[in-house]
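Pasting protein_34.cif here (mmCIF, C-alpha atoms and all ligand atoms):
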data_input
#
loop_
_atom_site.label_atom_id
_atom_site.label_comp_id
_atom_site.auth_asym_id
_atom_site.auth_seq_id
_atom_site.Cartn_x
_atom_site.Cartn_y
_atom_site.Cartn_z
CA MET A 1455 39.61 82.01 5.19
CA LEU A 1456 39.37 85.43 6.73
CA PRO A 1457 37.79 85.67 10.18
CA CYS A 1458 35.85 88.80 11.08
CA THR A 1459 33.73 89.81 14.05
CA PRO A 1460 30.06 89.11 14.81
CA GLY A 1461 27.37 91.15 13.12
CA GLY A 1462 24.01 92.39 14.37
CA ALA A 1463 20.72 90.65 15.01
CA ASP A 1464 18.22 89.67 12.35
CA PRO A 1465 16.34 92.77 11.10
CA SER A 1466 13.52 90.56 9.83
CA ALA A 1467 12.70 88.99 13.19
CA GLY A 1468 9.11 89.64 14.14
CA ARG A 1469 8.18 91.31 10.85
CA SER A 1470 4.78 90.43 9.39
CA GLY A 1471 3.59 89.81 5.86
CA GLN A 1472 0.23 89.75 4.03
CA HIS A 1473 -0.83 86.45 2.46
CA GLY A 1474 -4.31 86.40 0.92
CA GLY A 1475 -5.50 89.11 3.27
CA VAL A 1476 -4.23 87.26 6.34
CA THR A 1477 -1.30 88.74 8.23
CA THR A 1478 1.26 86.11 9.15
CA PRO A 1479 4.59 86.61 10.91
CA THR A 1480 7.61 86.19 8.64
CA PRO A 1481 9.95 83.53 10.01
CA PRO A 1482 13.44 84.82 10.76
CA TYR A 1483 16.18 84.16 8.25
CA PRO A 1484 17.89 80.86 9.07
CA ARG A 1485 21.28 80.59 10.69
CA GLY A 1486 24.26 79.66 8.57
CA TRP A 1487 26.85 80.66 6.02
CA PHE A 1488 25.40 82.24 2.90
CA CYS A 1489 26.96 83.14 -0.43
CA ILE A 1490 27.31 86.84 -0.98
CA GLY A 1491 29.22 86.58 -4.26
CA PHE A 1492 32.35 85.11 -5.79
CA SER A 1493 35.94 85.96 -4.93
CA ARG A 1494 36.75 86.99 -8.48
CA GLU A 1495 34.16 89.80 -8.25
CA TRP A 1496 36.30 91.76 -5.82
CA LYS A 1497 39.69 92.83 -7.11
CA ALA A 1498 42.09 94.59 -4.75
CA GLY A 1499 40.76 98.08 -4.01
CA SER A 1500 37.16 97.39 -5.05
CA VAL A 1501 34.01 98.18 -3.06
CA GLY A 1502 30.52 96.85 -3.78
CA THR A 1503 27.07 96.57 -2.22
CA ARG A 1504 24.95 93.41 -2.02
CA ARG A 1505 21.48 92.77 -0.64
CA PHE A 1506 21.71 90.48 2.38
CA MET A 1507 19.03 89.49 4.91
CA GLY A 1508 16.74 92.42 4.28
CA GLY A 1509 19.43 95.10 4.20
CA ASP A 1510 22.60 96.10 2.42
CA ALA A 1511 26.04 94.64 3.03
CA VAL A 1512 29.15 96.35 1.72
CA VAL A 1513 32.00 94.13 0.54
CA TYR A 1514 35.48 95.50 -0.09
CA ARG A 1515 38.99 94.21 -0.61
CA THR A 1516 42.10 96.02 0.59
CA ARG A 1517 45.19 96.50 -1.58
CA ARG A 1518 46.83 93.53 0.14
CA GLY A 1519 43.82 91.35 -0.61
CA VAL A 1520 41.99 91.29 2.74
CA LEU A 1521 38.26 90.97 2.12
CA ARG A 1522 35.68 92.34 4.54
CA VAL A 1523 31.87 92.31 4.66
CA ILE A 1524 30.38 95.14 6.72
CA ARG A 1525 27.11 96.81 7.56
CA PRO A 1526 26.80 99.73 5.17
CA TYR A 1527 26.61 102.78 7.40
CA CYS A 1528 29.52 104.89 8.62
CA PRO A 1529 29.61 105.14 12.44
CA HIS A 1530 30.33 108.89 12.20
CA LEU A 1531 27.19 110.38 10.59
CA GLY A 1532 25.73 107.42 8.74
CA ALA A 1533 26.97 107.75 5.16
CA HIS A 1534 26.42 104.66 3.02
CA LEU A 1535 29.93 103.31 2.49
CA GLY A 1536 28.91 101.44 -0.65
CA ALA A 1537 28.02 104.76 -2.32
CA GLY A 1538 31.37 106.42 -2.83
CA GLY A 1539 33.47 104.61 -0.22
CA THR A 1540 37.01 103.98 -1.46
CA VAL A 1541 39.94 101.78 -0.49
CA ASP A 1542 43.18 103.53 0.45
CA GLY A 1543 45.82 100.89 1.10
CA GLU A 1544 44.39 98.80 3.94
CA TYR A 1545 41.76 101.37 4.89
CA LEU A 1546 38.17 101.87 3.78
CA VAL A 1547 37.57 105.62 3.48
CA CYS A 1548 34.13 107.18 4.00
CA PRO A 1549 33.04 109.52 1.17
CA PHE A 1550 31.55 112.14 3.53
CA HIS A 1551 34.30 113.32 5.89
CA ARG A 1552 37.14 110.99 4.84
CA PHE A 1553 37.35 109.01 8.07
CA ALA A 1554 39.43 105.88 7.36
CA PHE A 1555 38.67 102.46 8.87
CA ALA A 1556 41.13 99.61 9.37
CA PRO A 1557 40.30 95.96 8.51
CA ASP A 1558 39.40 95.33 12.17
CA GLY A 1559 36.71 98.00 11.81
CA THR A 1560 38.28 100.67 14.02
CA CYS A 1561 38.61 104.26 12.88
CA ALA A 1562 42.33 104.69 12.22
CA ARG A 1563 42.59 108.16 10.67
CA THR A 1564 40.62 111.35 10.10
CA PRO A 1565 41.52 114.64 8.37
CA TYR A 1566 40.67 116.43 11.64
CA GLY A 1567 43.06 114.95 14.18
CA THR A 1568 42.73 112.11 16.68
CA PRO A 1569 40.38 109.38 15.39
CA PRO A 1570 37.26 108.82 17.50
CA LYS A 1571 36.49 105.50 19.20
CA ALA A 1572 34.11 104.51 16.42
CA SER A 1573 34.01 101.26 14.57
CA LEU A 1574 32.44 99.69 11.53
CA THR A 1575 30.17 96.70 12.11
CA LEU A 1576 31.86 93.71 10.53
CA LEU A 1577 29.82 90.71 9.46
CA PRO A 1578 31.53 87.35 9.99
CA SER A 1579 32.84 86.39 6.57
CA ARG A 1580 34.97 83.76 4.89
CA GLU A 1581 36.41 83.10 1.48
CA ALA A 1582 36.29 79.42 0.60
CA TYR A 1583 36.16 77.47 -2.69
CA GLY A 1584 36.24 80.79 -4.61
CA ILE A 1585 33.02 81.91 -2.91
CA VAL A 1586 32.55 84.78 -0.45
CA TRP A 1587 30.39 83.75 2.50
CA ALA A 1588 28.75 85.82 5.22
CA TRP A 1589 27.37 84.40 8.42
CA HIS A 1590 23.88 85.11 9.64
CA SER A 1591 22.27 84.18 12.94
CA PRO A 1592 18.77 85.38 13.95
CA ASP A 1593 20.08 86.38 17.39
CA GLY A 1594 23.30 87.95 16.10
CA ALA A 1595 25.42 85.15 17.59
CA PRO A 1596 28.87 84.52 16.11
CA PRO A 1597 29.48 81.51 13.83
CA SER A 1598 28.75 78.21 15.54
CA ARG A 1599 30.44 76.19 12.82
CA GLU A 1600 32.97 76.59 10.04
CA LEU A 1601 32.76 75.74 6.38
CA PRO A 1602 34.24 72.29 5.78
CA ALA A 1603 37.43 71.67 3.88
CA LEU A 1604 36.62 70.00 0.58
CA PRO A 1605 39.01 67.36 -0.68
CA GLY A 1606 40.67 67.58 -4.03
CA PRO A 1607 41.49 70.46 -6.34
CA LEU A 1608 38.40 72.48 -7.11
CA VAL A 1609 38.27 75.09 -9.83
CA SER A 1610 36.72 78.35 -8.65
CA PRO A 1611 33.05 78.24 -9.70
CA ARG A 1612 31.43 80.49 -12.28
CA ALA A 1613 27.78 81.39 -11.95
CA PHE A 1614 25.86 80.60 -15.11
CA ARG A 1615 22.40 81.31 -13.76
CA VAL A 1616 21.33 83.94 -11.23
CA THR A 1617 17.69 84.40 -10.30
CA GLU A 1618 15.64 85.99 -7.58
CA GLU A 1619 12.64 84.04 -6.41
CA ALA A 1620 10.15 83.65 -3.59
CA GLY A 1621 10.71 81.13 -0.83
CA ARG A 1622 13.01 80.11 1.97
CA PRO A 1623 16.63 79.31 1.12
CA GLN A 1624 16.18 75.71 2.29
CA ASP A 1625 13.28 75.12 -0.11
CA VAL A 1626 14.85 76.95 -3.04
CA THR A 1627 18.07 74.93 -2.65
CA GLU A 1628 16.22 71.64 -2.33
CA ARG A 1629 14.11 72.24 -5.43
CA ALA A 1630 17.13 73.29 -7.52
CA VAL A 1631 19.15 70.24 -6.43
CA ALA A 1632 16.24 67.95 -7.23
CA ARG A 1633 16.00 69.41 -10.74
CA ILE A 1634 19.73 68.91 -11.35
CA LEU A 1635 19.60 65.31 -10.18
CA ALA A 1636 16.49 64.55 -12.21
CA ARG A 1637 18.25 65.72 -15.39
CA SER A 1638 21.58 63.99 -14.77
CA ALA A 1639 22.23 60.96 -16.95
CA SER A 1640 25.13 59.81 -14.76
CA ARG A 1641 24.60 57.14 -12.12
CA HIS A 1642 27.58 58.48 -10.17
CA VAL A 1643 26.38 61.54 -8.33
CA GLY A 1644 27.60 62.90 -5.01
CA LEU A 1645 25.71 65.43 -2.91
CA ARG A 1646 27.06 67.59 -0.12
CA VAL A 1647 24.87 70.04 1.80
CA LEU A 1648 26.84 72.86 3.41
CA GLY A 1649 23.97 74.70 5.08
CA PRO A 1650 20.44 76.02 4.60
CA GLY A 1651 21.37 77.80 1.37
CA ALA A 1652 24.30 75.89 -0.07
CA ALA A 1653 24.71 72.50 -1.68
CA LEU A 1654 27.09 71.03 -4.19
CA VAL A 1655 26.43 68.19 -6.56
CA VAL A 1656 29.34 66.29 -8.10
CA ILE A 1657 28.48 64.49 -11.31
CA GLU A 1658 31.03 62.03 -12.63
CA PRO A 1659 31.07 61.30 -16.36
CA VAL A 1660 28.80 58.60 -17.69
CA ARG A 1661 31.73 56.74 -19.27
CA ARG A 1662 34.22 56.85 -16.42
CA HIS A 1663 36.38 54.12 -17.93
CA LEU A 1664 37.37 56.54 -20.73
CA CYS A 1665 38.98 58.98 -18.27
CA ALA A 1666 42.64 58.71 -17.32
CA ALA A 1667 42.02 60.49 -14.00
CA PRO A 1668 38.90 60.86 -11.87
CA TRP A 1669 37.15 64.12 -12.47
CA GLY A 1670 33.74 65.54 -12.01
CA LEU A 1671 31.50 68.42 -12.85
CA VAL A 1672 30.71 70.31 -9.66
CA LEU A 1673 27.44 72.21 -9.62
CA TRP A 1674 26.83 74.66 -6.79
CA VAL A 1675 23.37 75.72 -5.69
CA LEU A 1676 23.59 78.80 -3.50
CA ALA A 1677 20.54 80.56 -2.08
CA THR A 1678 20.75 83.72 0.02
CA PRO A 1679 17.81 85.66 1.49
CA VAL A 1680 17.77 89.23 0.22
CA SER A 1681 14.48 90.37 1.74
CA PRO A 1682 11.61 88.74 3.67
CA GLY A 1683 10.41 85.80 1.56
CA ARG A 1684 12.82 86.53 -1.32
CA VAL A 1685 15.97 84.60 -2.18
CA ARG A 1686 18.77 85.20 -4.66
CA ARG A 1687 19.87 81.90 -6.18
CA TRP A 1688 23.10 81.23 -8.00
CA THR A 1689 23.73 78.07 -9.96
CA ALA A 1690 27.46 77.85 -10.55
CA GLY A 1691 29.72 75.27 -12.09
CA SER A 1692 33.32 74.23 -11.79
CA ALA A 1693 35.41 71.21 -12.65
CA ALA A 1694 37.17 69.03 -10.12
CA VAL A 1695 40.01 66.66 -10.80
CA GLY A 1696 40.73 64.28 -7.97
CA PRO A 1697 39.07 62.87 -4.91
CA VAL A 1698 36.37 65.54 -4.66
CA ALA A 1699 34.69 63.58 -7.43
CA ARG A 1700 34.33 60.80 -4.86
CA LEU A 1701 31.91 62.61 -2.58
CA PRO A 1702 29.67 60.00 -0.99
CA ALA A 1703 26.72 59.30 -3.22
CA ALA A 1704 23.49 60.19 -1.51
CA ALA A 1705 19.84 59.95 -2.30
CA PRO A 1706 18.84 63.40 -3.48
CA PRO A 1707 16.05 65.46 -2.02
CA HIS A 1708 13.00 65.17 -4.22
CA PRO A 1709 9.68 66.99 -4.27
CA ALA A 1710 6.71 65.09 -2.89
CA GLY A 1711 4.99 63.06 -5.58
CA GLN A 1712 8.09 62.70 -7.75
CA LYS A 1713 9.92 59.45 -8.19
CA ASP A 1714 12.90 59.11 -5.88
CA PRO A 1715 15.99 58.86 -8.12
CA ALA A 1716 17.77 56.90 -5.37
CA ARG A 1717 15.31 54.09 -5.87
CA SER A 1718 15.58 54.15 -9.64
CA GLY A 1719 19.13 52.93 -10.01
CA ARG A 1720 21.43 55.46 -8.30
CA SER A 1721 23.41 54.38 -5.29
CA GLY A 1722 22.41 56.14 -2.09
CA THR A 1723 22.97 56.15 1.63
CA GLY A 1724 20.09 58.27 2.87
CA SER A 1725 17.98 61.29 2.05
CA PRO A 1726 19.67 64.39 3.37
CA THR A 1727 17.90 67.66 2.75
CA PRO A 1728 19.44 71.10 2.67
CA SER A 1729 18.24 71.98 6.15
CA ASP A 1730 20.35 73.92 8.58
CA PRO A 1731 21.87 71.43 10.98
CA GLY A 1732 22.32 74.18 13.51
CA SER A 1733 18.79 75.58 13.41
S1 LIG B 1 29.76 110.17 7.76
FE1 LIG B 1 31.51 108.96 7.41
S2 LIG B 1 33.15 110.20 7.99
FE2 LIG B 1 31.41 111.41 8.40
#

Would you put the structure from the file into structure tokens?
Amino acid sequence: MLPCTPGGADPSAGRSGQHGGVTTPTPPYPRGWFCIGFSREWKAGSVGTRRFMGGDAVVYRTRRGVLRVIRPYCPHLGAHLGAGGTVDGEYLVCPFHRFAFAPDGTCARTPYGTPPKASLTLLPSREAYGIVWAWHSPDGAPPSRELPALPGPLVSPRAFRVTEEAGRPQDVTERAVARILARSASRHVGLRVLGPGAALVVIEPVRRHLCAAPWGLVLWVLATPVSPGRVRRWTAGSAAVGPVARLPAAAPPHPAGQKDPARSGRSGTGSPTPSDPGS
């Protein structure tokens, strides 16, 4: 995991939207860790731009493998660092006047002499489980919690479905998890909610007695706001061999009016929903 520094406040706070001719305030994006992509997308020396909380975020990886998520604009004259920014060793170099920024955000070098006291704005970020996460808080506060350590070997997930849809990340995650659970034939399902836009479902094989070692299919549901009322959702899968397949079974969230799978044969200990415990 790679700690960074706090980012700015929520650009969506206080914004309004039109719904059927009625103007309603858009709720701020929720607080938490959100997927911004997968570790394998950023090789050493690569730079890319992602939509995140109504704006752009630039993600880059230095030659030694340090990954950073930053606000996109150069503190010198505002060039977009995702449009032509390059990695030179451990520095991110601006395409306009070649100012170079160190992983802590400070300007470390310029072609014109002493570097100014200017700094990139780093977003708090982590790499965990093969996923790149960025922290968001409506008031710009630093992370109030860390991502949990997951037990057992976990293969880095691969996204097999990426969509953009309307809604809040909590609702999008809950609906997607409910669909996965409704389709699963296995009675041995574990659910872990990691935040308002992240949940993993571990499905053990139907015929467990045929397996020499415990294993499970891990399905990730990851939902990240990209603009007011719009969410990018990844459904990703990986295999796990070992105790991660023993996540506590839990009654899944289920849309109102649908039959609760926990009461139709699956073991369960409650009905957690993908809500942000810190909100
Ligand atoms: S705008 Fe980035 S170095 Fe001038």

Which residues form the shell of 12 Å around ligand LIG 1 (chain B) when you count only C-alpha atoms and all ligand atoms, given as a short mmCIF file (atom, residue, chain, number, x, y, z; two decimals) with C-alpha atoms, keeping the file's coordinate frame?
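So result.cif came out as:
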data_model
loop_
_atom_site.label_atom_id
_atom_site.label_comp_id
_atom_site.auth_asym_id
_atom_site.auth_seq_id
_atom_site.Cartn_x
_atom_site.Cartn_y
_atom_site.Cartn_z
CA PRO A 1526 26.80 99.73 5.17
CA TYR A 1527 26.61 102.78 7.40
CA CYS A 1528 29.52 104.89 8.62
CA PRO A 1529 29.61 105.14 12.44
CA HIS A 1530 30.33 108.89 12.20
CA LEU A 1531 27.19 110.38 10.59
CA GLY A 1532 25.73 107.42 8.74
CA ALA A 1533 26.97 107.75 5.16
CA HIS A 1534 26.42 104.66 3.02
CA LEU A 1535 29.93 103.31 2.49
CA GLY A 1536 28.91 101.44 -0.65
CA ALA A 1537 28.02 104.76 -2.32
CA GLY A 1538 31.37 106.42 -2.83
CA GLY A 1539 33.47 104.61 -0.22
CA THR A 1540 37.01 103.98 -1.46
CA LEU A 1546 38.17 101.87 3.78
CA VAL A 1547 37.57 105.62 3.48
CA CYS A 1548 34.13 107.18 4.00
CA PRO A 1549 33.04 109.52 1.17
CA PHE A 1550 31.55 112.14 3.53
CA HIS A 1551 34.30 113.32 5.89
CA ARG A 1552 37.14 110.99 4.84
CA PHE A 1553 37.35 109.01 8.07
CA ALA A 1554 39.43 105.88 7.36
CA PHE A 1555 38.67 102.46 8.87
CA CYS A 1561 38.61 104.26 12.88
CA ALA A 1562 42.33 104.69 12.22
CA ARG A 1563 42.59 108.16 10.67
CA THR A 1564 40.62 111.35 10.10
CA PRO A 1565 41.52 114.64 8.37
CA TYR A 1566 40.67 116.43 11.64
CA PRO A 1569 40.38 109.38 15.39
CA PRO A 1570 37.26 108.82 17.50
CA ALA A 1572 34.11 104.51 16.42
CA SER A 1573 34.01 101.26 14.57
CA LEU A 1574 32.44 99.69 11.53
#

Worksheet item: A:Tyr1514, A:Glu1600, A:Thr1503, A:Trp1487: which is nearest A:Ala1652, counting all atoms listed in the file?
Response: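 Under the stated criterion, the closest residue is A:Trp1487.
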
Discussion item. Between atom CA of A:Arg1615 and atom CA of A:Arg1687, what is the distance in Å, rounded to a tenth?
Written reply: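 Atom-to-atom, atom CA of A:Arg1615 and atom CA of A:Arg1687 are spaced 8.0 Å apart.
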
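Between A:Trp1674 and the residues A:Leu1521, A:Ala1694, A:Ala1632, A:Ala1613, the shortest atom-to-atom distance, using only C-alpha atoms, involves A:Ala1613.
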
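Using only C-alpha atoms, the shortest contact distance between A:Ala1603 and any of A:Ala1582, A:Val1523, A:Ala1690, A:Val1616 is found at A:Ala1582.
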
A:Ser1500 environment, 7 Å, all atoms listed in the file, sequence neighbours closer than 2 positions dropped, as a compact mmCIF listing (two decimals) with C-alpha atoms, keeping the file's coordinate frame:
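After the write, selection.txt holds the following:
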# COMPACT_ATOMS: atom_id res chain seq x y z
CA TRP A 1496 36.30 91.76 -5.82
CA LYS A 1497 39.69 92.83 -7.11
CA ALA A 1498 42.09 94.59 -4.75
CA GLY A 1502 30.52 96.85 -3.78
CA TYR A 1514 35.48 95.50 -0.09
CA ARG A 1515 38.99 94.21 -0.61
CA VAL A 1541 39.94 101.78 -0.49

Using the file's own x, y and z axes, so that the box edges lie along x, y and z, what centre and edge lengths in Å (one decimal) does a box around every listed atom of stretch 1564-1579 of chain A get when 8 Å is added on each side? Give it as lines of an AutoDock Vina configuration file.
center_x = 36.4
center_y = 101.4
center_z = 12.9
size_x = 29.2
size_y = 46.0
size_z = 28.6

Worksheet item: What does the distance between atom CA of A:Arg1622 and atom CA of A:Val1656 come to in Å, to one decimal place?
Response: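 Between these atoms lies a distance of 23.6 Å.
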
Worksheet entry | Closest of A:Val1609, A:Leu1635, A:Leu1601, A:Ala1620 to A:Gly1584 - atom-to-atom distances counting all atoms listed in the file | A:Val1609

Fill in: Selected residue of minimal separation from A:Leu1676 among A:Val1586, A:Val1513, A:Ala1556, A:Leu1604, counting only C-alpha atoms
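Nearest candidate to A:Leu1676 out of A:Val1586, A:Val1513, A:Ala1556, A:Leu1604: A:Val1586.
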
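Excluding A:Glu1544 itself and any same-chain residue fewer than 5 positions from it, the protein and nucleic acid residues within 8 Å of it, counting all atoms listed in the file, are Thr1516, Arg1517, Arg1518, Val1520, Ala1556 and Pro1557 of chain A.
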
Worksheet, complete the sentence: Here atom CA of A:Leu1648 and atom CA of A:Pro1602 stand apart by 7.8 Å

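Considering the residues A:Thr1560, A:Ala1588, A:Ala1639, A:Gly1486 and counting only C-alpha atoms, A:Arg1504 has its shortest atom-to-atom contact with A:Ala1588.
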